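Engineer: Sharing a structure with you now.
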Amino acid sequence: MTEPEILLDEQGALGRITLNRPKALNSLTLGMVRSMAEALERWRDAGHITAVLIDGAGDRGLCAGGDVRALHDAAAAGDESLPATFWAEEYRLNSALANYPKPVVGLMDGICMGGGVGITAHGSHRVVTERSRIGMPEVGIGFVPDVGGTYLLSRAPGELGTHLALSAAPITGADAIQAGMADHHVPSSELPALVEALAAGDVDAALAKYATPPPESDLAAHRNWIDAAYSADSVEQILERLRYRPEEAAHAAAEVIGAKSPTALKVALRSLRTDFGSLEDALRQEFRVSMACVRIGDFVEGVRATLVDKDHRPRWSPPELAEVDDARVAEFFAPRPDGELVL
């Protein structure tokens with residue numbers, strides 16, 4: 001018998017959503033997005049449910065992101081309907097979580113990337129552990145931070161969000177709290193007890209009992225060079241500043257960024273520099289950008305090199321930052337002739 005991709009349970013006052021594709025690191029499919037949306041709607045007005053919990057099955061992490069392999073296969077075959085449908089419904093789910101009338105607790109234990117961030121970091125109570133590895137790795141596959149990631153990263157202190165978006169580097173739970181993407185640190189060994197306490201109905205009391213002070217944040221220790229380098233106006237200038245910094249970590253960041261999609265880097269930087277009025281404004285822009293990444297960007301090639309052929313030798317087009325001019329970047333933000341995202 002095939003296991004369901006989503007496990008839904010009611011534990012006392014708690015509605016629990018467990019992502020259940022541990023062999024695929026709980027990567028989100030369209031069916032999972034729909035199941036989550038239906039559960040949230042069902043519990044919205046249920047008097048016996050006072051809070052919602054989102055966690056992941058298995059011991060590796062919450063969620064590795066969206067099932068980009070399926071999106072790649074459709075796009076490579078010339079079918080944009082699956083990416084359009086998936087992202088539209090995923091982004092609506094992100095918005096629904098951010099505006100949910102009841103507490104939403106996200107357990108960002110272990111790996112939590114991309115789409116995993118989208119279903120937890122917009123919730124009201126965001127929990128990390130000493131095992132957390134959180135990130136928005138999209139530029140490495142010719143894509144751009146989405147699921148409201150541009151909204152979150154643009155509001156991180158100083159230039160931390162720019163560093164995380166362009167380097168695609170995973171961070172610790174302590175770093176996520178520092179960057180404004182999480183709220184509470186709970187030891188992973190205490191998560192079962194935390195869930196039991198949440199089922200009693202008082203989310204704040206449960207977290208007050210089990211949360212501990214987070215470890216020191218590495219990001220906080222690097223704020224000086226991060227803010228100085230990433231405040232530049234262009235990706236080229238950011239790389240130049242990183243290379244001229246005395247810190248080895250800055251040189252390492254420059255090397256990592258230099259291997260990413262030039263187009264995705266420039267589109268990501270412009271996305272983060274947008275003055276969003278709301279999460280929904282960001283999601284609507286992200287939908288334009290995401291579909292453009294499929295149509296005219298490096299998404300298909302990036303996923304091929306990373307997840308399909310796994311040669312890790314992407315052929316970016318164009319291959320150099322200097323060849324990505326303002327006109328090309330602007331194409332990714334142009335209004336969609338077949339309709340904007342409706343939230």
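By convention here, the chains of the structure tokens are called A, B, ... in the order presented, each chain's residues are numbered starting at 1, and ligands are numbered starting at 1 in the order presented.
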Give me the residues within 10 Å of Ala228 of chain A as a VMD selection string, counting only C-alpha atoms and dropping any in the same chain fewer than 6 places off.
Structural biologist: chain A and resid 158 to 159 238 241 to 242 245
Engineer: Just N, CA and C atoms for this one: save the residues we selected as a PDB file, in the first residue's frame.
Structural biologist:
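Full text of selection_29.pdb as output:
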```pdb
ATOM      1  N   GLY A 158      20.393  44.477   7.920  1.00  0.00           N
ATOM      2  CA  GLY A 158      21.510  44.837   7.057  1.00  0.00           C
ATOM      3  C   GLY A 158      21.413  44.181   5.699  1.00  0.00           C
ATOM      4  N   GLU A 159      22.505  43.554   5.265  1.00  0.00           N
ATOM      5  CA  GLU A 159      22.553  42.884   3.960  1.00  0.00           C
ATOM      6  C   GLU A 159      22.606  41.358   4.091  1.00  0.00           C
ATOM      7  N   ILE A 238      29.371  43.866  -6.001  1.00  0.00           N
ATOM      8  CA  ILE A 238      29.390  43.025  -4.803  1.00  0.00           C
ATOM      9  C   ILE A 238      30.560  42.049  -4.855  1.00  0.00           C
ATOM     10  N   ARG A 241      33.865  43.860  -4.272  1.00  0.00           N
ATOM     11  CA  ARG A 241      34.076  44.180  -2.850  1.00  0.00           C
ATOM     12  C   ARG A 241      34.443  42.942  -2.050  1.00  0.00           C
ATOM     13  N   LEU A 242      33.763  41.819  -2.340  1.00  0.00           N
ATOM     14  CA  LEU A 242      34.066  40.586  -1.617  1.00  0.00           C
ATOM     15  C   LEU A 242      35.511  40.156  -1.849  1.00  0.00           C
ATOM     16  N   ARG A 245      37.996  42.254   0.186  1.00  0.00           N
ATOM     17  CA  ARG A 245      37.922  42.206   1.639  1.00  0.00           C
ATOM     18  C   ARG A 245      39.086  41.374   2.182  1.00  0.00           C
TER      19      ARG A 245
END
```
Engineer: List every residue of segment 23-191 of chain A that DSSP, applied to the backbone, labels as strand (DSSP E or B), and write the result as number ranges by chain.
Structural biologist: A: 28, 51-56, 61-63, 66, 104-108, 110-113, 125-128, 133-135, 171, 184-185
Engineer: Store the residues picked out above in a file with N, CA and C atoms, as a short mmCIF file (atom, residue, chain, number, x, y, z; two decimals), in the first residue's frame.
Structural biologist:
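Contents of part_18.cif, freshly written:
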```cif
data_model
loop_
_atom_site.label_atom_id
_atom_site.label_comp_id
_atom_site.auth_asym_id
_atom_site.auth_seq_id
_atom_site.Cartn_x
_atom_site.Cartn_y
_atom_site.Cartn_z
N LEU A 28 7.97 19.00 -1.84
CA LEU A 28 6.55 19.29 -2.04
C LEU A 28 6.09 18.97 -3.46
N ALA A 51 -4.75 25.52 17.09
CA ALA A 51 -3.45 25.80 16.47
C ALA A 51 -3.13 24.71 15.46
N VAL A 52 -2.21 25.03 14.54
CA VAL A 52 -1.79 24.09 13.50
C VAL A 52 -0.28 23.90 13.60
N LEU A 53 0.15 22.66 13.43
CA LEU A 53 1.58 22.33 13.45
C LEU A 53 1.97 21.76 12.09
N ILE A 54 3.13 22.19 11.58
CA ILE A 54 3.68 21.64 10.34
C ILE A 54 5.05 21.05 10.65
N ASP A 55 5.21 19.75 10.34
CA ASP A 55 6.50 19.10 10.54
C ASP A 55 6.73 18.10 9.42
N GLY A 56 7.84 17.39 9.47
CA GLY A 56 8.19 16.45 8.41
C GLY A 56 8.53 15.08 8.94
N GLY A 61 14.99 15.91 7.84
CA GLY A 61 14.59 17.31 7.83
C GLY A 61 13.13 17.51 7.50
N LEU A 62 12.72 18.75 7.56
CA LEU A 62 11.33 19.12 7.27
C LEU A 62 11.01 18.98 5.80
N CYS A 63 11.82 19.64 4.94
CA CYS A 63 11.47 19.69 3.52
C CYS A 63 12.64 20.26 2.72
N GLY A 66 10.45 22.46 -3.19
CA GLY A 66 9.50 21.94 -4.16
C GLY A 66 10.10 20.81 -4.97
N VAL A 104 0.15 29.15 13.75
CA VAL A 104 0.74 28.12 12.90
C VAL A 104 2.18 27.93 13.36
N VAL A 105 2.48 26.73 13.84
CA VAL A 105 3.81 26.42 14.35
C VAL A 105 4.55 25.58 13.31
N GLY A 106 5.69 26.06 12.86
CA GLY A 106 6.50 25.31 11.89
C GLY A 106 7.75 24.78 12.56
N LEU A 107 7.96 23.47 12.49
CA LEU A 107 9.17 22.86 13.06
C LEU A 107 10.22 22.74 11.97
N MET A 108 11.15 23.68 11.95
CA MET A 108 12.20 23.74 10.92
C MET A 108 13.41 22.93 11.35
N GLY A 110 16.22 19.98 11.07
CA GLY A 110 16.96 19.38 9.97
C GLY A 110 16.97 20.28 8.75
N ILE A 111 16.92 19.67 7.57
CA ILE A 111 16.98 20.43 6.32
C ILE A 111 15.65 21.12 6.05
N CYS A 112 15.70 22.39 5.77
CA CYS A 112 14.51 23.18 5.46
C CYS A 112 14.92 24.19 4.40
N MET A 113 14.64 23.85 3.15
CA MET A 113 15.08 24.67 2.03
C MET A 113 13.91 25.12 1.17
N HIS A 125 4.64 31.07 14.58
CA HIS A 125 5.63 30.57 15.54
C HIS A 125 6.59 29.65 14.79
N ARG A 126 7.83 30.11 14.61
CA ARG A 126 8.80 29.41 13.76
C ARG A 126 9.91 28.84 14.63
N VAL A 127 10.01 27.51 14.65
CA VAL A 127 10.89 26.82 15.59
C VAL A 127 12.07 26.19 14.85
N VAL A 128 13.27 26.43 15.35
CA VAL A 128 14.48 25.80 14.83
C VAL A 128 15.13 24.97 15.93
N ARG A 133 19.15 23.28 9.13
CA ARG A 133 19.94 23.79 8.02
C ARG A 133 18.95 24.42 7.06
N ILE A 134 18.92 25.74 7.05
CA ILE A 134 17.87 26.49 6.39
C ILE A 134 18.49 27.31 5.26
N GLY A 135 17.80 27.38 4.13
CA GLY A 135 18.36 28.16 3.04
C GLY A 135 17.41 28.35 1.87
N ILE A 171 22.07 27.99 6.39
CA ILE A 171 22.44 28.59 7.66
C ILE A 171 21.89 27.75 8.81
N HIS A 184 12.08 30.78 17.62
CA HIS A 184 12.34 30.01 18.83
C HIS A 184 13.33 28.89 18.54
N HIS A 185 14.24 28.66 19.50
CA HIS A 185 15.18 27.55 19.41
C HIS A 185 14.78 26.49 20.44
#
```
Engineer: Just checking: using only C-alpha atoms, which residue out of A:Ile6, A:Leu239, A:Ala64, A:Ala259 ends up closest to Gly116 of chain A?
Structural biologist: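 For Gly116 of chain A, the nearest of the candidates is A:Ala64.
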Engineer: Segment 88-145 of chain A near segment 261-264 of chain A within 10 Å: what's each residue's closest atom pair and its distance in Å to one decimal, counting only C-alpha atoms, ordered by chain then ascending residue number, as CSV?
Structural biologist:
```
residue,atom,partner,partner_atom,distance
A:Glu138,CA,A:Ala264,CA,8.4
A:Val139,CA,A:Ala264,CA,5.5
A:Gly140,CA,A:Ser261,CA,6.5
A:Ile141,CA,A:Ser261,CA,7.3
A:Gly142,CA,A:Ser261,CA,5.2
A:Phe143,CA,A:Ala264,CA,5.7
A:Val144,CA,A:Ala264,CA,5.9
A:Pro145,CA,A:Ala264,CA,9.3
```
Engineer: With N, CA, C and O atoms retained, could you export that selection as a PDB file, in the first residue's frame?
Structural biologist:
```pdb
ATOM      1  N   GLU A 138      18.081  28.749  -4.550  1.00  0.00           N
ATOM      2  CA  GLU A 138      17.551  28.775  -5.907  1.00  0.00           C
ATOM      3  C   GLU A 138      18.528  29.229  -6.987  1.00  0.00           C
ATOM      4  O   GLU A 138      18.504  28.697  -8.109  1.00  0.00           O
ATOM      5  N   VAL A 139      19.380  30.224  -6.714  1.00  0.00           N
ATOM      6  CA  VAL A 139      20.249  30.718  -7.792  1.00  0.00           C
ATOM      7  C   VAL A 139      21.205  29.644  -8.291  1.00  0.00           C
ATOM      8  O   VAL A 139      21.710  29.726  -9.403  1.00  0.00           O
ATOM      9  N   GLY A 140      21.412  28.609  -7.493  1.00  0.00           N
ATOM     10  CA  GLY A 140      22.280  27.518  -7.911  1.00  0.00           C
ATOM     11  C   GLY A 140      21.665  26.624  -8.969  1.00  0.00           C
ATOM     12  O   GLY A 140      22.375  25.858  -9.622  1.00  0.00           O
ATOM     13  N   ILE A 141      20.334  26.717  -9.154  1.00  0.00           N
ATOM     14  CA  ILE A 141      19.677  25.953 -10.211  1.00  0.00           C
ATOM     15  C   ILE A 141      19.061  26.897 -11.251  1.00  0.00           C
ATOM     16  O   ILE A 141      18.095  26.532 -11.930  1.00  0.00           O
ATOM     17  N   GLY A 142      19.599  28.105 -11.365  1.00  0.00           N
ATOM     18  CA  GLY A 142      19.099  29.033 -12.374  1.00  0.00           C
ATOM     19  C   GLY A 142      17.736  29.596 -12.054  1.00  0.00           C
ATOM     20  O   GLY A 142      17.005  30.040 -12.940  1.00  0.00           O
ATOM     21  N   PHE A 143      17.392  29.607 -10.781  1.00  0.00           N
ATOM     22  CA  PHE A 143      16.091  30.084 -10.326  1.00  0.00           C
ATOM     23  C   PHE A 143      16.324  31.266  -9.388  1.00  0.00           C
ATOM     24  O   PHE A 143      17.455  31.724  -9.214  1.00  0.00           O
ATOM     25  N   VAL A 144      15.262  31.776  -8.787  1.00  0.00           N
ATOM     26  CA  VAL A 144      15.350  32.940  -7.909  1.00  0.00           C
ATOM     27  C   VAL A 144      14.526  32.637  -6.661  1.00  0.00           C
ATOM     28  O   VAL A 144      13.491  31.958  -6.754  1.00  0.00           O
ATOM     29  N   PRO A 145      14.957  33.090  -5.473  1.00  0.00           N
ATOM     30  CA  PRO A 145      14.166  32.837  -4.271  1.00  0.00           C
ATOM     31  C   PRO A 145      12.687  33.173  -4.483  1.00  0.00           C
ATOM     32  O   PRO A 145      12.352  34.239  -5.000  1.00  0.00           O
TER      33      PRO A 145
END
```
Engineer: Which is closest to Ala232 of chain A among A:Val294, A:Glu248, A:His163, A:Ala168, if we use only C-alpha atoms?
Structural biologist: A:His163
Engineer: Could you build a table of the residues in segment 129-175 of chain A lying no more than 12 Å from segment 191-211 of chain A, giving for each the nearest pair of atoms and their separation in Å rounded to one decimal place, using only C-alpha atoms, ordered by chain and ascending residue number, as a Markdown table?
Structural biologist:
```
| residue | atom | partner | partner_atom | distance |
| --- | --- | --- | --- | --- |
| A:Thr129 | CA | A:Leu191 | CA | 9.0 |
| A:Glu130 | CA | A:Leu191 | CA | 11.6 |
| A:Arg131 | CA | A:Leu191 | CA | 11.8 |
```
Engineer: Limited to N, CA, C and O atoms, could you put the picked residues into a file as a PDB file, in the first residue's frame?
Structural biologist:
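Output file out29.pdb is given in full below:
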```
ATOM      1  N   THR A 129      16.057  24.126  15.517  1.00  0.00           N
ATOM      2  CA  THR A 129      16.792  23.288  16.470  1.00  0.00           C
ATOM      3  C   THR A 129      18.282  23.375  16.160  1.00  0.00           C
ATOM      4  O   THR A 129      18.696  24.047  15.201  1.00  0.00           O
ATOM      5  N   GLU A 130      19.073  22.654  16.935  1.00  0.00           N
ATOM      6  CA  GLU A 130      20.517  22.613  16.677  1.00  0.00           C
ATOM      7  C   GLU A 130      20.825  21.850  15.391  1.00  0.00           C
ATOM      8  O   GLU A 130      21.938  21.951  14.867  1.00  0.00           O
ATOM      9  N   ARG A 131      19.840  21.128  14.847  1.00  0.00           N
ATOM     10  CA  ARG A 131      20.027  20.373  13.608  1.00  0.00           C
ATOM     11  C   ARG A 131      19.605  21.150  12.364  1.00  0.00           C
ATOM     12  O   ARG A 131      19.805  20.683  11.245  1.00  0.00           O
TER      13      ARG A 131
END
```
Engineer: I want to know what sits within 8 Å of Val147 of chain A, based on only C-alpha atoms, with residues of the same chain fewer than 2 positions away left out; could you give that as a CSV table (one decimal) with C-alpha atoms, in the first residue's frame?
Structural biologist:
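Generated file (part.csv):
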```csv
chain,number,residue,atom,x,y,z
A,90,GLU,CA,2.0,27.0,-3.6
A,91,TYR,CA,2.2,30.8,-3.4
A,94,ASN,CA,2.2,30.7,1.6
A,114,GLY,CA,13.1,26.7,-0.5
A,115,GLY,CA,9.5,25.5,-0.4
A,117,VAL,CA,10.9,27.8,4.2
A,118,GLY,CA,7.7,28.9,2.5
A,145,PRO,CA,14.2,32.8,-4.3
A,149,GLY,CA,11.6,34.3,0.1
A,150,THR,CA,12.3,37.7,-1.5
A,283,LEU,CA,4.4,36.6,-4.3
A,286,GLU,CA,7.8,36.1,-7.8
```
Engineer: Would you please work out which residue, of A:Tyr230, A:Glu190, A:Ala305, A:Lys266, is nearest to Glu323 of chain A when using only C-alpha atoms?
Structural biologist: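 Among A:Tyr230, A:Glu190, A:Ala305, A:Lys266, it is A:Lys266 that comes nearest to Glu323 of chain A.
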Engineer: Here is a test: counting only C-alpha atoms, which residue of A:Leu269, A:Cys293, A:Leu343, A:Leu14 is nearest to Asn99 of chain A?
Structural biologist: A:Leu343
Engineer: Calculate how many Å separate atom CA of Thr120 of chain A from atom CA of Glu38 of chain A, rounding to one decimal.
Structural biologist: 16.8 Å
Engineer: What's the 8 Å shell around segment 39-44 of chain A, counting only C-alpha atoms, without same-chain residues fewer than 3 positions away, as a ChimeraX atom specification?
Structural biologist: /A:8,15,35-36,49,100-102
Engineer: Could you write those residues out with all heavy atoms, as a PDB file, in the first residue's frame?
Structural biologist:
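File out.pdb, as written:
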```pdb
ATOM      1  N   LEU A   8      -2.365  13.805   8.062  1.00  0.00           N
ATOM      2  CA  LEU A   8      -3.167  14.784   8.775  1.00  0.00           C
ATOM      3  C   LEU A   8      -3.694  14.149  10.050  1.00  0.00           C
ATOM      4  O   LEU A   8      -4.236  13.046  10.026  1.00  0.00           O
ATOM      5  CB  LEU A   8      -4.335  15.275   7.913  1.00  0.00           C
ATOM      6  CG  LEU A   8      -3.940  15.921   6.580  1.00  0.00           C
ATOM      7  CD1 LEU A   8      -5.176  16.238   5.753  1.00  0.00           C
ATOM      8  CD2 LEU A   8      -3.119  17.185   6.814  1.00  0.00           C
ATOM      9  N   GLY A  15      -4.105  20.747  15.174  1.00  0.00           N
ATOM     10  CA  GLY A  15      -4.198  20.134  13.852  1.00  0.00           C
ATOM     11  C   GLY A  15      -2.785  19.954  13.324  1.00  0.00           C
ATOM     12  O   GLY A  15      -2.044  20.939  13.183  1.00  0.00           O
ATOM     13  N   SER A  35      -3.384  19.248  -0.439  1.00  0.00           N
ATOM     14  CA  SER A  35      -3.819  18.624   0.812  1.00  0.00           C
ATOM     15  C   SER A  35      -3.643  19.578   1.993  1.00  0.00           C
ATOM     16  O   SER A  35      -4.503  19.655   2.883  1.00  0.00           O
ATOM     17  CB  SER A  35      -3.035  17.332   1.068  1.00  0.00           C
ATOM     18  OG  SER A  35      -3.348  16.345   0.112  1.00  0.00           O
ATOM     19  N   MET A  36      -2.522  20.301   2.007  1.00  0.00           N
ATOM     20  CA  MET A  36      -2.290  21.264   3.080  1.00  0.00           C
ATOM     21  C   MET A  36      -3.322  22.381   3.045  1.00  0.00           C
ATOM     22  O   MET A  36      -3.874  22.777   4.085  1.00  0.00           O
ATOM     23  CB  MET A  36      -0.878  21.843   2.964  1.00  0.00           C
ATOM     24  CG  MET A  36       0.226  20.852   3.230  1.00  0.00           C
ATOM     25  SD  MET A  36       1.867  21.609   3.105  1.00  0.00           S
ATOM     26  CE  MET A  36       1.847  22.657   4.546  1.00  0.00           C
ATOM     27  N   ILE A  49     -10.056  22.934  17.217  1.00  0.00           N
ATOM     28  CA  ILE A  49      -8.667  23.117  16.802  1.00  0.00           C
ATOM     29  C   ILE A  49      -8.264  24.571  17.053  1.00  0.00           C
ATOM     30  O   ILE A  49      -8.846  25.497  16.493  1.00  0.00           O
ATOM     31  CB  ILE A  49      -8.473  22.764  15.308  1.00  0.00           C
ATOM     32  CG1 ILE A  49      -8.793  21.292  15.056  1.00  0.00           C
ATOM     33  CG2 ILE A  49      -7.054  23.093  14.857  1.00  0.00           C
ATOM     34  CD1 ILE A  49      -7.879  20.310  15.767  1.00  0.00           C
ATOM     35  N   TYR A 100      -3.289  33.215   8.411  1.00  0.00           N
ATOM     36  CA  TYR A 100      -4.172  32.267   9.080  1.00  0.00           C
ATOM     37  C   TYR A 100      -4.635  32.829  10.427  1.00  0.00           C
ATOM     38  O   TYR A 100      -3.842  33.436  11.160  1.00  0.00           O
ATOM     39  CB  TYR A 100      -3.443  30.937   9.293  1.00  0.00           C
ATOM     40  CG  TYR A 100      -4.360  29.755   9.430  1.00  0.00           C
ATOM     41  CD1 TYR A 100      -5.209  29.386   8.391  1.00  0.00           C
ATOM     42  CD2 TYR A 100      -4.390  28.995  10.603  1.00  0.00           C
ATOM     43  CE1 TYR A 100      -6.043  28.292   8.504  1.00  0.00           C
ATOM     44  CE2 TYR A 100      -5.216  27.894  10.728  1.00  0.00           C
ATOM     45  CZ  TYR A 100      -6.051  27.554   9.675  1.00  0.00           C
ATOM     46  OH  TYR A 100      -6.887  26.469   9.789  1.00  0.00           O
ATOM     47  N   PRO A 101      -5.899  32.647  10.778  1.00  0.00           N
ATOM     48  CA  PRO A 101      -6.418  33.256  12.007  1.00  0.00           C
ATOM     49  C   PRO A 101      -6.013  32.541  13.289  1.00  0.00           C
ATOM     50  O   PRO A 101      -6.286  33.024  14.386  1.00  0.00           O
ATOM     51  CB  PRO A 101      -7.940  33.186  11.796  1.00  0.00           C
ATOM     52  CG  PRO A 101      -8.146  32.009  10.905  1.00  0.00           C
ATOM     53  CD  PRO A 101      -6.960  32.007   9.975  1.00  0.00           C
ATOM     54  N   LYS A 102      -5.378  31.373  13.174  1.00  0.00           N
ATOM     55  CA  LYS A 102      -4.934  30.623  14.339  1.00  0.00           C
ATOM     56  C   LYS A 102      -3.421  30.474  14.294  1.00  0.00           C
ATOM     57  O   LYS A 102      -2.819  30.578  13.220  1.00  0.00           O
ATOM     58  CB  LYS A 102      -5.602  29.237  14.355  1.00  0.00           C
ATOM     59  CG  LYS A 102      -7.115  29.289  14.448  1.00  0.00           C
ATOM     60  CD  LYS A 102      -7.751  27.915  14.383  1.00  0.00           C
ATOM     61  CE  LYS A 102      -9.270  28.023  14.477  1.00  0.00           C
ATOM     62  NZ  LYS A 102      -9.929  26.684  14.425  1.00  0.00           N
TER      63      LYS A 102
END
```
Engineer: Rounded to one decimal place, report the atom CA of Ala77 of chain A-atom CA of Arg315 of chain A distance in Å.
Structural biologist: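 Separation between atom CA of Ala77 of chain A and atom CA of Arg315 of chain A: 18.5 Å.
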